[in-house]
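Coordinates from coords-v4.cif are shown below (mmCIF, C-alpha atoms).
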```cif
data_coords
loop_
_atom_site.label_atom_id
_atom_site.label_comp_id
_atom_site.auth_asym_id
_atom_site.auth_seq_id
_atom_site.Cartn_x
_atom_site.Cartn_y
_atom_site.Cartn_z
CA MET A 226 16.67 2.27 44.74
CA THR A 227 17.45 5.78 43.46
CA GLN A 228 21.13 6.63 43.48
CA ALA A 229 22.02 9.76 45.44
CA PRO A 230 23.50 12.58 43.32
CA ALA A 231 27.28 12.75 43.30
CA ALA A 232 29.01 15.66 45.00
CA PRO A 233 30.13 18.31 42.50
CA ASP A 234 33.81 18.70 41.60
CA ALA A 235 33.62 22.31 42.77
CA VAL A 236 31.05 24.99 43.63
CA ILE A 237 31.49 28.59 42.48
CA PHE A 238 29.45 31.44 43.92
CA ASP A 239 28.65 34.87 42.60
CA ASN A 240 29.01 37.55 45.29
CA ASP A 241 26.61 40.48 44.93
CA GLY A 242 23.02 39.49 45.65
CA LEU A 243 23.81 35.77 45.71
CA LEU A 244 26.25 35.21 48.56
CA LEU A 245 26.04 38.63 50.22
CA ASP A 246 23.29 41.23 50.28
CA THR A 247 25.62 43.69 48.59
CA GLU A 248 23.04 44.54 45.93
CA SER A 249 21.44 46.77 48.56
CA VAL A 250 24.85 48.45 49.02
CA TRP A 251 25.18 48.96 45.27
CA THR A 252 21.61 50.24 45.13
CA ARG A 253 22.30 52.89 47.79
CA ALA A 254 25.44 53.98 45.91
CA GLU A 255 23.58 54.08 42.59
CA GLN A 256 20.81 56.07 44.26
CA ASP A 257 23.43 58.55 45.53
CA LEU A 258 24.89 58.87 42.03
CA PHE A 259 21.49 59.76 40.59
CA ASP A 260 20.56 62.00 43.57
CA ARG A 261 23.67 64.10 42.99
CA ARG A 262 22.22 64.98 39.60
CA GLY A 263 18.63 65.45 40.76
CA LEU A 264 17.46 62.36 38.88
CA GLU A 265 15.21 59.49 39.96
CA PHE A 266 16.75 56.01 40.26
CA THR A 267 14.01 53.57 39.26
CA PRO A 268 13.55 49.80 39.67
CA ALA A 269 14.00 49.55 35.89
CA ASP A 270 17.39 51.27 36.19
CA LYS A 271 18.37 48.76 38.87
CA ARG A 272 17.35 45.76 36.77
CA GLU A 273 19.41 47.11 33.86
CA LEU A 274 22.53 47.46 36.03
CA VAL A 275 22.40 44.30 38.17
CA GLY A 276 25.24 41.89 37.51
CA THR A 277 26.68 43.86 34.60
CA SER A 278 30.34 44.53 33.88
CA ALA A 279 31.90 47.94 34.48
CA GLU A 280 31.89 48.58 30.72
CA VAL A 281 28.18 47.81 30.32
CA ALA A 282 27.26 49.68 33.50
CA GLY A 283 29.27 52.70 32.35
CA GLU A 284 27.44 52.78 29.02
CA THR A 285 24.09 52.47 30.83
CA LEU A 286 24.94 55.31 33.22
CA GLU A 287 26.15 57.53 30.37
CA ARG A 288 22.76 57.11 28.71
CA ARG A 289 20.59 57.37 31.80
CA LEU A 290 22.46 60.36 33.26
CA ASP A 291 22.85 62.02 29.83
CA GLU A 292 26.62 62.35 30.23
CA PRO A 293 28.02 60.95 26.95
CA GLY A 294 31.69 60.07 26.89
CA ARG A 295 31.97 59.89 30.69
CA ALA A 296 31.54 56.14 31.26
CA GLY A 297 34.93 55.72 32.91
CA GLU A 298 34.49 58.71 35.21
CA LEU A 299 30.98 57.64 36.17
CA ILE A 300 32.17 54.13 37.10
CA GLU A 301 35.01 55.60 39.18
CA GLU A 302 32.51 57.84 40.97
CA LEU A 303 30.15 54.92 41.57
CA ASN A 304 32.96 52.66 42.81
CA ALA A 305 34.06 55.28 45.33
CA LEU A 306 30.47 55.62 46.54
CA VAL A 307 29.95 51.87 46.87
CA VAL A 308 33.19 51.23 48.76
CA ALA A 309 32.24 54.00 51.22
CA GLU A 310 28.70 52.63 51.50
CA LEU A 311 30.04 49.16 52.25
CA GLU A 312 31.49 50.39 55.56
CA HIS A 313 27.94 50.98 56.82
CA GLY A 314 27.56 47.21 56.89
CA VAL A 315 26.53 44.24 54.80
CA GLU A 316 24.82 40.94 55.59
CA ALA A 317 25.19 37.42 54.24
CA MET A 318 22.23 36.14 52.24
CA VAL A 319 19.95 33.70 54.05
CA GLY A 320 21.51 30.24 54.12
CA ALA A 321 24.92 31.34 52.83
CA ARG A 322 26.85 30.77 56.05
CA ASP A 323 25.56 27.23 56.62
CA LEU A 324 26.02 26.32 52.95
CA LEU A 325 29.67 27.40 52.92
CA GLN A 326 30.31 25.55 56.18
CA ALA A 327 28.78 22.33 54.86
CA LEU A 328 30.83 22.48 51.64
CA ARG A 329 34.05 23.18 53.53
CA GLN A 330 33.43 20.34 55.97
CA ARG A 331 33.00 17.97 53.05
CA GLY A 332 36.15 19.28 51.38
CA THR A 333 34.49 20.55 48.20
CA PRO A 334 36.63 23.16 46.38
CA ILE A 335 34.87 26.54 46.62
CA GLY A 336 35.36 29.57 44.41
CA LEU A 337 33.88 33.04 44.16
CA VAL A 338 33.58 34.94 40.88
CA SER A 339 32.35 38.54 40.68
CA ASN A 340 32.17 41.33 38.13
CA SER A 341 32.79 43.78 40.99
CA PRO A 342 36.25 45.26 41.73
CA LEU A 343 38.46 42.97 43.81
CA ILE A 344 38.86 45.58 46.59
CA PHE A 345 35.07 45.65 47.01
CA VAL A 346 34.72 41.86 46.92
CA ARG A 347 37.47 41.22 49.46
CA ARG A 348 36.27 43.94 51.85
CA SER A 349 32.66 42.72 51.72
CA LEU A 350 33.81 39.17 52.52
CA GLU A 351 35.92 40.46 55.42
CA ILE A 352 32.96 42.30 56.92
CA VAL A 353 30.82 39.15 57.09
CA GLY A 354 33.73 36.87 58.04
CA PHE A 355 33.79 34.90 54.78
CA HIS A 356 37.28 35.93 53.63
CA GLU A 357 38.79 32.54 54.54
CA SER A 358 35.90 30.44 53.20
CA PHE A 359 37.10 30.29 49.59
CA ASP A 360 39.90 28.48 47.81
CA VAL A 361 39.74 31.04 44.98
CA ILE A 362 38.41 34.62 44.89
CA LEU A 363 38.33 36.14 41.41
CA SER A 364 37.25 39.53 40.11
CA ALA A 365 36.36 39.69 36.43
CA HIS A 366 38.73 42.68 36.29
CA GLU A 367 41.55 40.07 36.39
CA VAL A 368 40.60 38.38 33.10
CA ALA A 369 40.32 39.46 29.46
CA ALA A 370 36.54 39.70 29.40
CA PRO A 371 33.99 39.95 32.26
CA LYS A 372 30.67 38.13 32.59
CA PRO A 373 28.68 37.35 30.39
CA ALA A 374 31.87 36.01 28.77
CA PRO A 375 32.95 32.65 30.20
CA ASP A 376 36.47 33.91 31.04
CA PRO A 377 35.95 34.48 34.81
CA TYR A 378 34.49 31.02 35.33
CA LEU A 379 37.11 29.31 33.16
CA GLU A 380 39.89 31.04 35.10
CA ALA A 381 38.28 30.13 38.44
CA CYS A 382 38.12 26.46 37.41
CA LYS A 383 41.78 26.62 36.36
CA ARG A 384 42.79 28.08 39.73
CA LEU A 385 40.67 25.50 41.56
CA GLY A 386 42.34 22.71 39.61
CA VAL A 387 39.08 21.33 38.17
CA GLU A 388 37.93 20.74 34.63
CA PRO A 389 35.13 23.17 33.62
CA GLY A 390 32.02 21.16 32.86
CA PRO A 391 28.64 20.06 34.23
CA ASP A 392 30.24 18.58 37.36
CA VAL A 393 31.10 22.13 38.49
CA ILE A 394 28.12 24.05 39.86
CA ALA A 395 27.75 27.83 39.68
CA LEU A 396 25.20 29.81 41.70
CA GLU A 397 24.12 33.09 40.13
CA ASP A 398 21.44 35.76 40.63
CA SER A 399 21.66 37.70 37.36
CA PRO A 400 21.18 36.92 33.65
CA THR A 401 24.74 38.16 33.02
CA GLY A 402 26.18 35.68 35.51
CA VAL A 403 24.02 32.79 34.32
CA ALA A 404 25.14 33.41 30.73
CA ALA A 405 28.80 33.41 31.78
CA ALA A 406 28.60 30.16 33.73
CA ARG A 407 26.64 28.44 30.97
CA ALA A 408 29.16 29.61 28.37
CA ALA A 409 31.87 27.99 30.50
CA GLY A 410 29.93 24.71 30.38
CA LEU A 411 28.99 24.65 34.06
CA THR A 412 25.73 23.57 35.69
CA VAL A 413 23.98 26.76 36.79
CA ILE A 414 21.52 27.28 39.64
CA GLY A 415 19.73 30.61 39.40
CA VAL A 416 18.70 32.34 42.63
CA PRO A 417 17.03 35.65 41.66
CA SER A 418 17.73 38.46 44.12
CA LEU A 419 15.38 41.03 42.59
CA ASP A 420 11.75 40.91 41.53
CA GLY A 421 11.41 40.91 37.76
CA ILE A 422 14.76 39.24 37.09
CA GLU A 423 14.34 36.27 34.74
CA LEU A 424 16.98 33.53 34.79
CA ASP A 425 15.55 31.33 32.05
CA GLU A 426 18.97 30.06 30.95
CA ALA A 427 19.76 28.51 34.34
CA HIS A 428 19.53 24.72 34.62
CA ALA A 429 17.51 25.07 37.83
CA ILE A 430 15.90 27.90 39.79
CA ALA A 431 15.89 28.24 43.58
CA GLU A 432 14.02 30.76 45.71
CA SER A 433 16.97 31.11 48.09
CA LEU A 434 20.15 29.31 49.15
CA LEU A 435 17.95 27.37 51.59
CA ASP A 436 15.92 25.89 48.75
CA GLU A 437 16.01 22.11 48.37
CA VAL A 438 16.98 22.67 44.73
CA VAL A 439 20.36 23.92 45.98
CA SER A 440 21.01 21.19 48.55
CA SER A 441 19.96 18.51 46.07
CA HIS A 442 22.30 19.70 43.30
CA LEU A 443 25.15 20.05 45.79
CA ALA A 444 24.43 16.59 47.26
CA LEU A 445 24.13 17.99 50.77
#
```
Exercise: express the given structure as structure tokens:
Amino acid sequence: MTQAPAAPDAVIFDNDGLLLDTESVWTRAEQDLFDRRGLEFTPADKRELVGTSAEVAGETLERRLDEPGRAGELIEELNALVVAELEHGVEAMVGARDLLQALRQRGTPIGLVSNSPLIFVRRSLEIVGFHESFDVILSAHEVAAPKPAPDPYLEACKRLGVEPGPDVIALEDSPTGVAAARAAGLTVIGVPSLDGIELDEAHAIAESLLDEVVSSHLAL
């Protein structure tokens, strides 16, 4: 008889594009940023920006918008656009609501780790009614180094009171996030939110949060 998988010590979610469909919010804001300058925002631009830290995104925008030395200002402009865009609404990703409910009912510690600013993360969770679903909500702006460094995941484990390791499961939709969770020693399930995104470093790949790959790893 095959033994059922053990429940993980904790489950940590990424936010943008994994838990919430906020990538579409970011995309609209990024589109606005490019439109203001009469430039085209391409799918390749989006793939280069998805999941990145503010520092990396700022360097990318400097190059793409041909505005050298303005990374900080460009990120501030983009953040203002995205917070405003968020008020037009955001939806939970398919399966997210039921997955959080099942984990909470079982008593599994749940964290959220994002490279996005904390004000954006908290407001997006409020809009969909998830703001009380997590034991820990962490923005990478609160630690020394953002994803792909392991710092956000290590700090989340510390705050959750669990030892970082393979018994903690992270769900991520970007190569940056997968790299961070792997560097922290966690088991990583990749759930790509955009076509053309490769998550080869993830331990397992799921098509969505409804995928059996997810429920199996979470012992649900």
request  = Quote the spacing between atom CA of Val393 of chain A and atom CA of Val416 of chain A in Å to one decimal place.
outcome  =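 So the two atoms, atom CA of Val393 of chain A and atom CA of Val416 of chain A, lie 16.6 Å apart.
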inquiry  = Can you translate the PyMOL selection byres ((chain A and resi 405) around 10) into the concrete residues it hits in this file, as a PyMOL selection string?
reply    = chain A and resi 371-379+395+397+400-404+406-411+413
Output of the PyMOL selection byres ((chain A and resi 436-445) around 9), listed as a PyMOL selection string = chain A and resi 229-233+236+320+324+327-328+394+396+414+429-435
key: Nearest-residue call for Ala296 of chain A, choices A:Leu264, A:Ile362, A:Val308, A:Val281, using all atoms listed in the file   =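 Closest to Ala296 of chain A, using all atoms listed in the file: A:Val281.
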inquiry  = Selection in question (the file shown): the PyMOL selection byres ((chain A and resi 382-386) around 9). Which residues does it include, as an MDAnalysis selection string?
reply    = chainID A and resid 235 237 334:336 360:361 377:381 387:389 393
What are the closest atom pairs, with distances in Å to one decimal, for all residues of segment 317-433 of chain A lying within 7 Å of segment 242-246 of chain A? Consider only C-alpha atoms, order rows by chain and residue number, and present the result as JSON lines.
```
{"residue": "A:Ala317", "atom": "CA", "partner": "A:Leu245", "partner_atom": "CA", "distance": 4.3}
{"residue": "A:Met318", "atom": "CA", "partner": "A:Leu245", "partner_atom": "CA", "distance": 5.0}
{"residue": "A:Ala321", "atom": "CA", "partner": "A:Leu244", "partner_atom": "CA", "distance": 5.9}
{"residue": "A:Glu397", "atom": "CA", "partner": "A:Leu243", "partner_atom": "CA", "distance": 6.2}
{"residue": "A:Asp398", "atom": "CA", "partner": "A:Leu243", "partner_atom": "CA", "distance": 5.6}
{"residue": "A:Val416", "atom": "CA", "partner": "A:Leu243", "partner_atom": "CA", "distance": 6.9}
{"residue": "A:Ser418", "atom": "CA", "partner": "A:Gly242", "partner_atom": "CA", "distance": 5.6}
```
remark   = Of A:Thr285, A:Glu423, A:Asn340, A:Ser399, the one nearest to Ala370 of chain A when counting all atoms listed in the file is A:Asn340
ask   = Which one is closest to Arg253 of chain A: A:Ala282, A:Leu290, A:Val307, A:Val275? Count only C-alpha atoms.
value =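 Under the stated criterion, the closest residue is A:Val307.
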key: Pairwise distance for atom CA of Asp239 of chain A and atom CA of Thr333 of chain A, rounded to one decimal in Å   =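 These atoms are spaced 16.4 Å apart.
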ask   = Mind pulling up the distance from atom CA of Ser339 of chain A to atom CA of Ser364 of chain A?
value =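 Separation of atom CA of Ser364 of chain A and atom CA of Ser339 of chain A: 5.0 Å.
Proximity to Gln326 of chain A was assessed for A:Ile344, A:Glu357, A:Leu424, A:Leu303 counting all atoms listed in the file; the smallest distance is recorded for A:Glu357.
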remark   = Closest of A:Ala254, A:Ser358, A:Asp241, A:Pro391 to Leu306 of chain A, counting all atoms listed in the file, is A:Ala254
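Closest approach to Ser278 of chain A among A:Gly390, A:Pro342, A:Gly421, A:Gly354: A:Pro342, based on all atoms listed in the file.
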Do you know which residues are at most 9 Å from Arg272 of chain A counting all atoms listed in the file, after dropping those on the same chain fewer than 4 positions away, and could you put them as a PDB file with C-alpha atoms, keeping the file's coordinate frame?
```pdb
ATOM      1  CA  THR A 267      14.010  53.570  39.260  1.00  0.00           C
ATOM      2  CA  PRO A 268      13.550  49.800  39.670  1.00  0.00           C
ATOM      3  CA  GLY A 276      25.240  41.890  37.510  1.00  0.00           C
ATOM      4  CA  LEU A 419      15.380  41.030  42.590  1.00  0.00           C
ATOM      5  CA  ASP A 420      11.750  40.910  41.530  1.00  0.00           C
ATOM      6  CA  GLY A 421      11.410  40.910  37.760  1.00  0.00           C
ATOM      7  CA  ILE A 422      14.760  39.240  37.090  1.00  0.00           C
TER       8      ILE A 422
END
```
Just the residues within 12 Å of Glu292 of chain A, please, counting all atoms listed in the file, with nothing from its chain fewer than 6 positions along; format it as a PDB file with C-alpha atoms, keeping the file's coordinate frame.
```
ATOM      1  CA  PHE A 259      21.490  59.760  40.590  1.00  0.00           C
ATOM      2  CA  ARG A 262      22.220  64.980  39.600  1.00  0.00           C
ATOM      3  CA  GLY A 283      29.270  52.700  32.350  1.00  0.00           C
ATOM      4  CA  GLU A 284      27.440  52.780  29.020  1.00  0.00           C
ATOM      5  CA  THR A 285      24.090  52.470  30.830  1.00  0.00           C
ATOM      6  CA  LEU A 286      24.940  55.310  33.220  1.00  0.00           C
ATOM      7  CA  GLU A 298      34.490  58.710  35.210  1.00  0.00           C
ATOM      8  CA  LEU A 299      30.980  57.640  36.170  1.00  0.00           C
TER       9      LEU A 299
END
```
inquiry  = Just want the 10 Å neighbourhood of Gly314 of chain A, counted on only C-alpha atoms, with same-chain residues fewer than 6 positions away dropped. Output as a list in words.
reply    =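 In the requested format, the answer is Asp246, Thr247, Val250, Ser349, Ile352 and Val353 of chain A.
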message = At a cut-off of 8 Å, using all atoms listed in the file, what residues contact Arg347 of chain A? Leave out same-chain residues fewer than 4 positions from it and give the result as a list in words.
response = Leu343, Glu351 and His356 of chain A
Missing atoms in segment 338-360 of chain A should be modelled up to N, CA and C atoms and reported as a short mmCIF file (atom, residue, chain, number, x, y, z; two decimals), in the frame of the given file.
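Writing done, so here's selection-v2.cif:
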```cif
data_model
loop_
_atom_site.label_atom_id
_atom_site.label_comp_id
_atom_site.auth_asym_id
_atom_site.auth_seq_id
_atom_site.Cartn_x
_atom_site.Cartn_y
_atom_site.Cartn_z
N VAL A 338 33.33 34.19 42.10
CA VAL A 338 33.58 34.94 40.88
C VAL A 338 32.63 36.13 40.83
N SER A 339 33.18 37.34 40.68
CA SER A 339 32.35 38.54 40.68
C SER A 339 32.80 39.50 39.59
N ASN A 340 31.84 40.25 39.05
CA ASN A 340 32.17 41.33 38.13
C ASN A 340 32.60 42.59 38.87
N SER A 341 32.44 42.61 40.20
CA SER A 341 32.79 43.78 40.99
C SER A 341 34.30 43.89 41.16
N PRO A 342 34.81 45.09 41.48
CA PRO A 342 36.25 45.26 41.73
C PRO A 342 36.71 44.39 42.89
N LEU A 343 37.94 43.89 42.80
CA LEU A 343 38.46 42.97 43.81
C LEU A 343 38.49 43.61 45.20
N ILE A 344 38.81 44.91 45.29
CA ILE A 344 38.86 45.58 46.59
C ILE A 344 37.49 45.54 47.27
N PHE A 345 36.42 45.69 46.47
CA PHE A 345 35.07 45.65 47.01
C PHE A 345 34.71 44.22 47.45
N VAL A 346 35.04 43.25 46.61
CA VAL A 346 34.72 41.86 46.92
C VAL A 346 35.41 41.42 48.21
N ARG A 347 36.72 41.66 48.29
CA ARG A 347 37.47 41.22 49.46
C ARG A 347 37.01 41.92 50.73
N ARG A 348 36.72 43.21 50.66
CA ARG A 348 36.27 43.94 51.85
C ARG A 348 34.89 43.46 52.29
N SER A 349 33.99 43.20 51.36
CA SER A 349 32.66 42.72 51.72
C SER A 349 32.74 41.36 52.39
N LEU A 350 33.63 40.49 51.91
CA LEU A 350 33.81 39.17 52.52
C LEU A 350 34.41 39.29 53.92
N GLU A 351 35.33 40.23 54.09
CA GLU A 351 35.92 40.46 55.42
C GLU A 351 34.86 40.88 56.42
N ILE A 352 33.97 41.77 56.00
CA ILE A 352 32.96 42.30 56.92
C ILE A 352 32.06 41.20 57.47
N VAL A 353 31.71 40.23 56.64
CA VAL A 353 30.82 39.15 57.09
C VAL A 353 31.59 37.92 57.60
N GLY A 354 32.93 37.98 57.53
CA GLY A 354 33.73 36.87 58.04
C GLY A 354 33.86 35.70 57.09
N PHE A 355 33.71 35.96 55.78
CA PHE A 355 33.79 34.90 54.78
C PHE A 355 35.14 34.88 54.06
N HIS A 356 36.08 35.75 54.42
CA HIS A 356 37.28 35.93 53.63
C HIS A 356 38.18 34.69 53.60
N GLU A 357 37.99 33.77 54.55
CA GLU A 357 38.79 32.54 54.54
C GLU A 357 37.98 31.32 54.10
N SER A 358 36.79 31.55 53.57
CA SER A 358 35.90 30.44 53.20
C SER A 358 36.16 29.90 51.80
N PHE A 359 36.96 30.64 51.00
CA PHE A 359 37.10 30.29 49.59
C PHE A 359 38.52 29.87 49.23
N ASP A 360 38.61 28.90 48.34
CA ASP A 360 39.90 28.48 47.81
C ASP A 360 40.38 29.45 46.73
#
```
